[in-house]
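The data block below is work.pdb; it holds PDB, C-alpha atoms, pLDDT in the B column.
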MODEL        1
ATOM      1  CA  MET A  28       9.379  35.906  16.295  1.00 61.00           C
ATOM      2  CA  PRO A  29       7.224  32.764  16.647  1.00 88.00           C
ATOM      3  CA  LEU A  30       8.638  30.660  13.842  1.00 94.00           C
ATOM      4  CA  PHE A  31       7.581  27.312  15.272  1.00 96.00           C
ATOM      5  CA  TYR A  32       9.425  25.046  12.833  1.00 97.00           C
ATOM      6  CA  GLN A  33      11.447  25.354   9.642  1.00 97.00           C
ATOM      7  CA  HIS A  34      12.901  22.654   7.428  1.00 96.00           C
ATOM      8  CA  THR A  35      14.974  22.896   4.255  1.00 97.00           C
ATOM      9  CA  ILE A  36      14.020  19.749   2.369  1.00 96.00           C
ATOM     10  CA  ASN A  37      16.490  20.281  -0.483  1.00 95.00           C
ATOM     11  CA  THR A  38      18.130  23.157  -2.357  1.00 95.00           C
ATOM     12  CA  THR A  39      14.833  24.158  -4.003  1.00 97.00           C
ATOM     13  CA  THR A  40      12.217  23.305  -1.373  1.00 98.00           C
ATOM     14  CA  LYS A  41      11.517  24.683   2.110  1.00 98.00           C
ATOM     15  CA  LEU A  42       8.681  24.497   4.597  1.00 98.00           C
ATOM     16  CA  GLY A  43       7.793  26.225   7.834  1.00 98.00           C
ATOM     17  CA  ILE A  44       5.197  26.495  10.602  1.00 98.00           C
ATOM     18  CA  TRP A  45       4.272  29.808  12.184  1.00 97.00           C
ATOM     19  CA  LYS A  46       2.632  30.008  15.600  1.00 96.00           C
ATOM     20  CA  ILE A  47       0.271  32.960  15.389  1.00 96.00           C
ATOM     21  CA  GLU A  48       0.819  35.286  18.345  1.00 95.00           C
ATOM     22  CA  GLU A  49       0.769  38.634  16.506  1.00 93.00           C
ATOM     23  CA  GLY A  50      -2.147  40.843  15.588  1.00 92.00           C
ATOM     24  CA  GLU A  51      -3.250  41.678  12.050  1.00 91.00           C
ATOM     25  CA  ALA A  52      -1.104  44.790  11.873  1.00 92.00           C
ATOM     26  CA  PHE A  53       2.088  42.690  12.020  1.00 92.00           C
ATOM     27  CA  PHE A  54       1.128  40.663   8.954  1.00 91.00           C
ATOM     28  CA  LEU A  55      -0.569  43.478   7.029  1.00 89.00           C
ATOM     29  CA  ALA A  56       2.662  45.467   7.150  1.00 88.00           C
ATOM     30  CA  LYS A  57       4.185  42.768   4.935  1.00 86.00           C
ATOM     31  CA  THR A  58       1.254  40.946   3.318  1.00 84.00           C
ATOM     32  CA  PRO A  59      -1.967  42.568   2.007  1.00 78.00           C
ATOM     33  CA  LEU A  60      -5.269  40.785   2.572  1.00 77.00           C
ATOM     34  CA  GLN A  61      -6.230  39.396  -0.838  1.00 70.00           C
ATOM     35  CA  GLN A  62      -9.573  37.810   0.041  1.00 73.00           C
ATOM     36  CA  ASN A  63     -12.739  39.057   1.727  1.00 78.00           C
ATOM     37  CA  ILE A  64     -12.495  37.122   4.999  1.00 84.00           C
ATOM     38  CA  THR A  65     -14.778  38.371   7.760  1.00 82.00           C
ATOM     39  CA  HIS A  66     -13.914  36.007  10.614  1.00 89.00           C
ATOM     40  CA  PRO A  67     -11.007  37.631  12.564  1.00 89.00           C
ATOM     41  CA  HIS A  68      -9.113  34.424  13.351  1.00 92.00           C
ATOM     42  CA  LYS A  69      -9.488  32.978   9.860  1.00 91.00           C
ATOM     43  CA  ARG A  70      -8.167  36.285   8.543  1.00 91.00           C
ATOM     44  CA  LEU A  71      -5.126  35.931  10.800  1.00 93.00           C
ATOM     45  CA  GLN A  72      -4.566  32.377   9.576  1.00 93.00           C
ATOM     46  CA  HIS A  73      -4.810  33.534   5.960  1.00 91.00           C
ATOM     47  CA  LEU A  74      -2.310  36.341   6.512  1.00 93.00           C
ATOM     48  CA  ALA A  75       0.128  34.155   8.450  1.00 94.00           C
ATOM     49  CA  GLY A  76       0.159  31.532   5.681  1.00 94.00           C
ATOM     50  CA  ARG A  77       0.992  34.088   3.032  1.00 93.00           C
ATOM     51  CA  TYR A  78       3.518  35.785   5.281  1.00 94.00           C
ATOM     52  CA  LEU A  79       5.316  32.426   5.508  1.00 96.00           C
ATOM     53  CA  LEU A  80       5.621  32.190   1.727  1.00 95.00           C
ATOM     54  CA  GLN A  81       7.841  35.257   1.641  1.00 94.00           C
ATOM     55  CA  TYR A  82       9.605  34.270   4.843  1.00 95.00           C
ATOM     56  CA  LEU A  83      10.731  31.057   3.139  1.00 97.00           C
ATOM     57  CA  PHE A  84      11.514  32.693  -0.230  1.00 96.00           C
ATOM     58  CA  PRO A  85      11.846  36.507   0.057  1.00 94.00           C
ATOM     59  CA  ASP A  86      11.129  37.087  -3.646  1.00 94.00           C
ATOM     60  CA  PHE A  87       7.903  35.054  -3.627  1.00 94.00           C
ATOM     61  CA  PRO A  88       5.354  37.149  -5.634  1.00 92.00           C
ATOM     62  CA  TYR A  89       2.366  36.767  -3.282  1.00 85.00           C
ATOM     63  CA  THR A  90       0.438  39.545  -5.059  1.00 86.00           C
ATOM     64  CA  GLU A  91       0.215  37.298  -8.150  1.00 89.00           C
ATOM     65  CA  ILE A  92      -1.538  34.418  -6.346  1.00 89.00           C
ATOM     66  CA  LEU A  93      -4.711  33.215  -8.047  1.00 87.00           C
ATOM     67  CA  ILE A  94      -7.355  30.773  -6.791  1.00 85.00           C
ATOM     68  CA  ALA A  95      -8.346  27.819  -8.991  1.00 84.00           C
ATOM     69  CA  ASP A  96     -11.885  26.440  -9.241  1.00 82.00           C
ATOM     70  CA  THR A  97     -10.752  23.700  -6.862  1.00 79.00           C
ATOM     71  CA  ARG A  98      -9.861  26.470  -4.343  1.00 81.00           C
ATOM     72  CA  LYS A  99      -6.155  25.751  -4.693  1.00 84.00           C
ATOM     73  CA  PRO A 100      -3.972  28.888  -4.697  1.00 87.00           C
ATOM     74  CA  TYR A 101      -1.382  29.004  -7.458  1.00 89.00           C
ATOM     75  CA  LEU A 102       0.911  31.273  -9.455  1.00 93.00           C
ATOM     76  CA  PRO A 103       0.042  31.634 -13.181  1.00 90.00           C
ATOM     77  CA  ASP A 104       3.658  31.143 -14.303  1.00 87.00           C
ATOM     78  CA  GLU A 105       4.326  28.392 -11.719  1.00 87.00           C
ATOM     79  CA  ARG A 106       7.667  29.966 -10.887  1.00 91.00           C
ATOM     80  CA  TYR A 107       6.987  28.613  -7.405  1.00 95.00           C
ATOM     81  CA  HIS A 108       4.920  25.607  -6.434  1.00 96.00           C
ATOM     82  CA  PHE A 109       3.403  26.039  -2.994  1.00 96.00           C
ATOM     83  CA  SER A 110       0.824  24.804  -0.536  1.00 96.00           C
ATOM     84  CA  ILE A 111      -0.617  26.351   2.638  1.00 96.00           C
ATOM     85  CA  SER A 112      -2.410  24.878   5.636  1.00 97.00           C
ATOM     86  CA  HIS A 113      -3.644  26.242   8.955  1.00 96.00           C
ATOM     87  CA  CYS A 114      -5.394  25.080  12.087  1.00 96.00           C
ATOM     88  CA  GLY A 115      -5.877  26.680  15.471  1.00 95.00           C
ATOM     89  CA  ASP A 116      -3.042  29.129  16.129  1.00 96.00           C
ATOM     90  CA  TYR A 117      -0.743  27.611  13.515  1.00 97.00           C
ATOM     91  CA  ALA A 118      -0.116  28.221   9.831  1.00 97.00           C
ATOM     92  CA  ALA A 119       2.146  26.114   7.627  1.00 98.00           C
ATOM     93  CA  ALA A 120       3.525  26.560   4.120  1.00 98.00           C
ATOM     94  CA  ILE A 121       5.756  24.643   1.751  1.00 98.00           C
ATOM     95  CA  VAL A 122       7.399  26.271  -1.287  1.00 98.00           C
ATOM     96  CA  SER A 123       9.435  24.745  -4.112  1.00 97.00           C
ATOM     97  CA  THR A 124      10.938  26.008  -7.342  1.00 95.00           C
ATOM     98  CA  SER A 125      11.144  22.502  -8.786  1.00 94.00           C
ATOM     99  CA  HIS A 126       8.430  20.185  -7.432  1.00 93.00           C
ATOM    100  CA  ARG A 127       4.677  20.106  -7.059  1.00 94.00           C
ATOM    101  CA  VAL A 128       4.002  20.083  -3.302  1.00 97.00           C
ATOM    102  CA  GLY A 129       1.307  19.601  -0.685  1.00 97.00           C
ATOM    103  CA  ILE A 130       1.234  20.314   3.057  1.00 98.00           C
ATOM    104  CA  ASP A 131      -1.203  19.849   5.918  1.00 98.00           C
ATOM    105  CA  ILE A 132      -1.276  20.463   9.666  1.00 98.00           C
ATOM    106  CA  GLU A 133      -3.868  19.056  12.031  1.00 97.00           C
ATOM    107  CA  ILE A 134      -4.673  19.184  15.738  1.00 96.00           C
ATOM    108  CA  PRO A 135      -5.527  15.641  16.910  1.00 93.00           C
ATOM    109  CA  GLU A 136      -9.175  15.600  18.021  1.00 93.00           C
ATOM    110  CA  GLU A 137     -11.705  12.911  18.960  1.00 91.00           C
ATOM    111  CA  LYS A 138     -13.663  13.558  15.762  1.00 92.00           C
ATOM    112  CA  VAL A 139     -10.986  11.831  13.686  1.00 92.00           C
ATOM    113  CA  VAL A 140     -11.770   8.536  15.456  1.00 89.00           C
ATOM    114  CA  ARG A 141     -15.481   8.850  14.678  1.00 91.00           C
ATOM    115  CA  ILE A 142     -14.972   9.533  10.967  1.00 91.00           C
ATOM    116  CA  ALA A 143     -12.093   7.101  10.375  1.00 91.00           C
ATOM    117  CA  HIS A 144     -14.347   4.818   8.323  1.00 90.00           C
ATOM    118  CA  LYS A 145     -14.658   7.621   5.760  1.00 92.00           C
ATOM    119  CA  PHE A 146     -10.953   7.858   4.966  1.00 94.00           C
ATOM    120  CA  VAL A 147      -9.260   4.596   6.066  1.00 93.00           C
ATOM    121  CA  HIS A 148      -9.517   1.677   3.634  1.00 92.00           C
ATOM    122  CA  GLU A 149      -9.753  -1.865   5.026  1.00 90.00           C
ATOM    123  CA  GLY A 150      -6.456  -2.741   3.362  1.00 89.00           C
ATOM    124  CA  GLU A 151      -4.655   0.032   5.241  1.00 90.00           C
ATOM    125  CA  LYS A 152      -5.563  -1.162   8.726  1.00 86.00           C
ATOM    126  CA  GLN A 153      -2.759  -3.719   8.775  1.00 85.00           C
ATOM    127  CA  TYR A 154      -0.273  -0.834   8.749  1.00 84.00           C
ATOM    128  CA  LEU A 155      -1.839   1.208  11.567  1.00 80.00           C
ATOM    129  CA  LYS A 156      -0.978  -0.930  14.579  1.00 68.00           C
ATOM    130  CA  PRO A 157       2.795  -1.040  13.939  1.00 63.00           C
ATOM    131  CA  ILE A 158       2.898   2.771  14.021  1.00 69.00           C
ATOM    132  CA  ALA A 159       2.265   2.644  17.751  1.00 61.00           C
ATOM    133  CA  LYS A 160       5.579   0.837  18.253  1.00 63.00           C
ATOM    134  CA  LEU A 161       7.598   3.661  16.718  1.00 64.00           C
ATOM    135  CA  PRO A 162       9.293   5.940  19.287  1.00 60.00           C
ATOM    136  CA  GLY A 163       7.626   9.277  19.909  1.00 57.00           C
ATOM    137  CA  ILE A 164       4.161   8.313  18.706  1.00 59.00           C
ATOM    138  CA  ILE A 165       2.618   8.050  22.155  1.00 49.00           C
ATOM    139  CA  SER A 166       3.804   7.725  25.725  1.00 45.00           C
ATOM    140  CA  ASN A 167       0.857   5.613  26.864  1.00 48.00           C
ATOM    141  CA  LYS A 168       1.750   1.901  26.698  1.00 49.00           C
ATOM    142  CA  ASN A 169      -1.882   0.854  26.294  1.00 47.00           C
ATOM    143  CA  GLN A 170      -2.001  -0.022  22.605  1.00 50.00           C
ATOM    144  CA  GLN A 171      -5.778   0.387  22.437  1.00 51.00           C
ATOM    145  CA  SER A 172      -6.057   3.776  24.129  1.00 54.00           C
ATOM    146  CA  PRO A 173      -8.255   6.433  22.459  1.00 55.00           C
ATOM    147  CA  GLU A 174      -5.275   8.785  22.497  1.00 57.00           C
ATOM    148  CA  LEU A 175      -3.268   6.282  20.482  1.00 58.00           C
ATOM    149  CA  ASN A 176      -6.015   5.930  17.913  1.00 80.00           C
ATOM    150  CA  LYS A 177      -6.388   9.685  17.722  1.00 87.00           C
ATOM    151  CA  LYS A 178      -2.721  10.335  16.977  1.00 87.00           C
ATOM    152  CA  ILE A 179      -2.336   7.532  14.462  1.00 88.00           C
ATOM    153  CA  LEU A 180      -5.533   8.419  12.616  1.00 92.00           C
ATOM    154  CA  THR A 181      -4.554  12.095  12.547  1.00 94.00           C
ATOM    155  CA  VAL A 182      -1.278  11.138  10.858  1.00 94.00           C
ATOM    156  CA  ILE A 183      -3.202   9.219   8.189  1.00 95.00           C
ATOM    157  CA  TRP A 184      -5.807  11.968   7.715  1.00 96.00           C
ATOM    158  CA  SER A 185      -3.161  14.694   7.513  1.00 97.00           C
ATOM    159  CA  SER A 186      -1.099  12.674   5.032  1.00 97.00           C
ATOM    160  CA  LYS A 187      -4.096  12.242   2.751  1.00 97.00           C
ATOM    161  CA  GLU A 188      -4.933  15.947   3.007  1.00 96.00           C
ATOM    162  CA  ALA A 189      -1.378  16.791   1.927  1.00 97.00           C
ATOM    163  CA  LEU A 190      -1.681  14.335  -0.955  1.00 96.00           C
ATOM    164  CA  PHE A 191      -5.041  15.846  -1.942  1.00 95.00           C
ATOM    165  CA  LYS A 192      -3.423  19.297  -2.143  1.00 94.00           C
ATOM    166  CA  TRP A 193      -0.482  17.892  -4.091  1.00 95.00           C
ATOM    167  CA  TYR A 194      -2.876  16.402  -6.658  1.00 92.00           C
ATOM    168  CA  SER A 195      -4.782  19.724  -6.777  1.00 87.00           C
ATOM    169  CA  TRP A 196      -7.586  18.687  -9.160  1.00 86.00           C
ATOM    170  CA  GLY A 197     -10.212  17.763  -6.554  1.00 80.00           C
ATOM    171  CA  LYS A 198     -12.744  14.898  -6.772  1.00 88.00           C
ATOM    172  CA  VAL A 199     -10.666  12.419  -4.800  1.00 93.00           C
ATOM    173  CA  ASP A 200     -12.014   9.604  -2.622  1.00 94.00           C
ATOM    174  CA  PHE A 201      -9.777   9.452   0.449  1.00 95.00           C
ATOM    175  CA  ARG A 202     -10.508   5.735   0.945  1.00 94.00           C
ATOM    176  CA  GLU A 203     -10.299   4.461  -2.610  1.00 94.00           C
ATOM    177  CA  ASN A 204      -7.860   6.787  -4.400  1.00 95.00           C
ATOM    178  CA  MET A 205      -5.227   7.185  -1.645  1.00 95.00           C
ATOM    179  CA  GLN A 206      -3.970   4.169   0.250  1.00 95.00           C
ATOM    180  CA  LEU A 207      -1.069   3.369   2.510  1.00 94.00           C
ATOM    181  CA  GLU A 208       0.639   0.428   0.816  1.00 92.00           C
ATOM    182  CA  GLN A 209       3.577  -0.513   3.049  1.00 91.00           C
ATOM    183  CA  ALA A 210       4.713  -0.314   6.654  1.00 89.00           C
ATOM    184  CA  ILE A 211       5.514   3.154   7.963  1.00 90.00           C
ATOM    185  CA  GLN A 212       9.178   3.859   8.727  1.00 89.00           C
ATOM    186  CA  LEU A 213      10.835   6.203  11.198  1.00 86.00           C
ATOM    187  CA  HIS A 214      13.738   8.277   9.828  1.00 86.00           C
ATOM    188  CA  ASN A 215      15.396  11.233  11.582  1.00 86.00           C
ATOM    189  CA  ASN A 216      12.389  11.651  13.912  1.00 86.00           C
ATOM    190  CA  LYS A 217      10.020  11.791  10.958  1.00 91.00           C
ATOM    191  CA  LEU A 218       7.515   9.224   9.720  1.00 92.00           C
ATOM    192  CA  ILE A 219       7.831   8.063   6.107  1.00 94.00           C
ATOM    193  CA  LEU A 220       4.478   6.831   4.760  1.00 95.00           C
ATOM    194  CA  PRO A 221       4.545   4.908   1.450  1.00 96.00           C
ATOM    195  CA  PHE A 222       1.323   5.702  -0.428  1.00 97.00           C
ATOM    196  CA  VAL A 223      -0.222   4.681  -3.702  1.00 95.00           C
ATOM    197  CA  PHE A 224      -2.380   7.287  -5.439  1.00 95.00           C
ATOM    198  CA  LYS A 225      -4.847   5.765  -7.899  1.00 93.00           C
ATOM    199  CA  LYS A 226      -6.682   8.194 -10.143  1.00 88.00           C
ATOM    200  CA  GLU A 227      -5.989   8.738 -13.863  1.00 85.00           C
ATOM    201  CA  GLU A 228      -2.798   6.755 -13.327  1.00 90.00           C
ATOM    202  CA  THR A 229      -1.212   4.867 -10.454  1.00 94.00           C
ATOM    203  CA  ILE A 230       1.536   6.773  -8.645  1.00 94.00           C
ATOM    204  CA  HIS A 231       3.683   5.506  -5.775  1.00 96.00           C
ATOM    205  CA  LEU A 232       5.115   8.203  -3.524  1.00 94.00           C
ATOM    206  CA  ASN A 233       6.195   8.844   0.037  1.00 96.00           C
ATOM    207  CA  ILE A 234       4.571  11.299   2.419  1.00 97.00           C
ATOM    208  CA  THR A 235       6.586  12.626   5.348  1.00 97.00           C
ATOM    209  CA  ALA A 236       4.926  13.364   8.698  1.00 96.00           C
ATOM    210  CA  LYS A 237       6.207  14.852  11.921  1.00 94.00           C
ATOM    211  CA  ILE A 238       4.395  14.763  15.251  1.00 92.00           C
ATOM    212  CA  PHE A 239       4.664  17.707  17.622  1.00 92.00           C
ATOM    213  CA  LYS A 240       3.086  18.055  21.054  1.00 88.00           C
ATOM    214  CA  GLU A 241      -0.008  19.876  19.768  1.00 92.00           C
ATOM    215  CA  ILE A 242      -0.078  19.277  16.016  1.00 95.00           C
ATOM    216  CA  VAL A 243       0.698  16.823  13.243  1.00 96.00           C
ATOM    217  CA  LEU A 244       2.510  18.028  10.112  1.00 97.00           C
ATOM    218  CA  SER A 245       2.518  16.177   6.762  1.00 98.00           C
ATOM    219  CA  TRP A 246       4.042  17.062   3.409  1.00 98.00           C
ATOM    220  CA  VAL A 247       4.675  15.578  -0.010  1.00 97.00           C
ATOM    221  CA  LEU A 248       6.668  16.523  -3.117  1.00 92.00           C
TER     222      LEU A 248
ENDMDL
END

Produce structure tokens that represent the structure in this file.
Amino acid sequence: MPLFYQHTINTTTKLGIWKIEEGEAFFLAKTPLQQNITHPHKRLQHLAGRYLLQYLFPDFPYTEILIADTRKPYLPDERYHFSISHCGDYAAAIVSTSHRVGIDIEIPEEKVVRIAHKFVHEGEKQYLKPIAKLPGIISNKNQQSPELNKKILTVIWSSKEALFKWYSWGKVDFRENMQLEQAIQLHNNKLILPFVFKKEETIHLNITAKIFKEIVLSWVL
């Protein structure tokens, strides 16, 4: 069973990552396909994400999931708050009975360096360099290496994607509305990123990120 990672955040909130190694039949035996998805791998990702919802909370009513105009999946009675993400051969989900949540997983790629100007505000750059000094971020001691930039920028991008899903109403500028506002801390092998979200109101909240060998995971509640 390729459960890649599971974390119980508190008594009402859990998250997990599934590494997809099974075929469709494995997931379809538990989770019906609710959308018309033609691409085989995207279909697998979709099924694995919804399979995780019930893996984390066995009574999760996945058949009641609706899709909002912003493309966010939700339950009409909000008995559970949840968020799903997938990339490559991984699917991630976070579920809570008490908090609005957001999750994102990303595979670090060179593209994130090229588009950094679209999601990193000038005021945030002062907090990027110190990340490299935290243990486990990168093994290369060259502070200016492309690999370093790629990992750090993926953490920031993934954190803002998780925050975007948490907000759930769309129409968010990743540079202007979401900004890292303090130095990033390392706690229990996880990164704690203090963000300010400026939209209808100003909200200060922490995003948690964890770096694995192949992927970056971020979540917020």

Evaluate the PyMOL selection byres ((chain A and resi 31) around 8) on the structure here and hand back the selected residues as a PyMOL selection string. chain A and resi 29-30+32-33+43-46

Taking C-alpha atoms for each residue, export the selection above as an mmCIF file, in the coordinates of the input.
data_model
loop_
_atom_site.group_PDB
_atom_site.id
_atom_site.type_symbol
_atom_site.label_atom_id
_atom_site.label_comp_id
_atom_site.auth_asym_id
_atom_site.auth_seq_id
_atom_site.Cartn_x
_atom_site.Cartn_y
_atom_site.Cartn_z
ATOM 1 C CA PRO A 29 7.224 32.764 16.647
ATOM 2 C CA LEU A 30 8.638 30.660 13.842
ATOM 3 C CA TYR A 32 9.425 25.046 12.833
ATOM 4 C CA GLN A 33 11.447 25.354 9.642
ATOM 5 C CA GLY A 43 7.793 26.225 7.834
ATOM 6 C CA ILE A 44 5.197 26.495 10.602
ATOM 7 C CA TRP A 45 4.272 29.808 12.184
ATOM 8 C CA LYS A 46 2.632 30.008 15.600
#

Assuming the chain letters and numbering stay as they are in my file, what does the PyMOL selection byres ((chain A and resi 106) around 12) actually select? List them as a list in words.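 Given this file, the PyMOL selection byres ((chain A and resi 106) around 12) evaluates to Thr39, Phe84, Asp86, Phe87, Pro88, Tyr89, Glu91, Ile92, Tyr101, Leu102, Pro103, Asp104, Glu105, Tyr107, His108, Phe109, Val122, Ser123, Thr124, Ser125, His126 and Arg127 of chain A.
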
Could you work out how far atom CA of A:Ser110 lies from atom CA of A:Phe201, giving the answer in Å with one decimal?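 Taking atom CA of A:Phe201 as the start and atom CA of A:Ser110 as the end point, the length is 18.7 Å.
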
Would you please work out which residue, of A:Phe54, A:Trp246, A:Phe191, A:Trp184, is nearest to A:Leu218 when using all atoms listed in the file? A:Trp246

Using the chain letters and residue numbers of this document, give as number ranges by chain the residues selected by the PyMOL selection byres ((chain A and resi 74-79) around 9). A: 42-47, 51, 54-55, 57-61, 69-73, 80-84, 89, 111-113, 117-121

So how far away is atom CA of A:Gln206 from atom CA of A:Gln153, in Å?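 Atom-to-atom, atom CA of A:Gln153 to atom CA of A:Gln206, that is 11.7 Å.
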
Nearest-residue call for A:Glu133, choices A:Ile242, A:Met205, A:Ala56, A:Leu248, using only C-alpha atoms: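 When distances to A:Glu133 are compared using only C-alpha atoms, the smallest one comes from A:Ile242.
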
Between atom CA of A:Thr235 and atom CA of A:Ser185, what is the spacing in Å?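 So the answer is 10.2 Å.
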
Determine the nearest neighbour of A:Leu207 from the options A:Phe146, A:Tyr154, A:Tyr194, A:Phe239, counting all atoms listed in the file.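 Result for the nearest residue to A:Leu207: A:Tyr154.
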
Which is closest to A:Asp116 among A:Ala210, A:Glu48, A:Leu155, A:Lys217, if we use only C-alpha atoms?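 Selected residue with least distance to A:Asp116: A:Glu48.
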
Quick one: of A:Glu241, A:Val147, A:Thr90, A:Glu49, who's nearest to A:Gly115, counting all atoms listed in the file?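 Distance minimum relative to A:Gly115 lands on A:Glu241.
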
From the list A:Val139, A:Lys152, A:Lys145, A:Gln62, the nearest residue to A:Leu180 using only C-alpha atoms is A:Val139
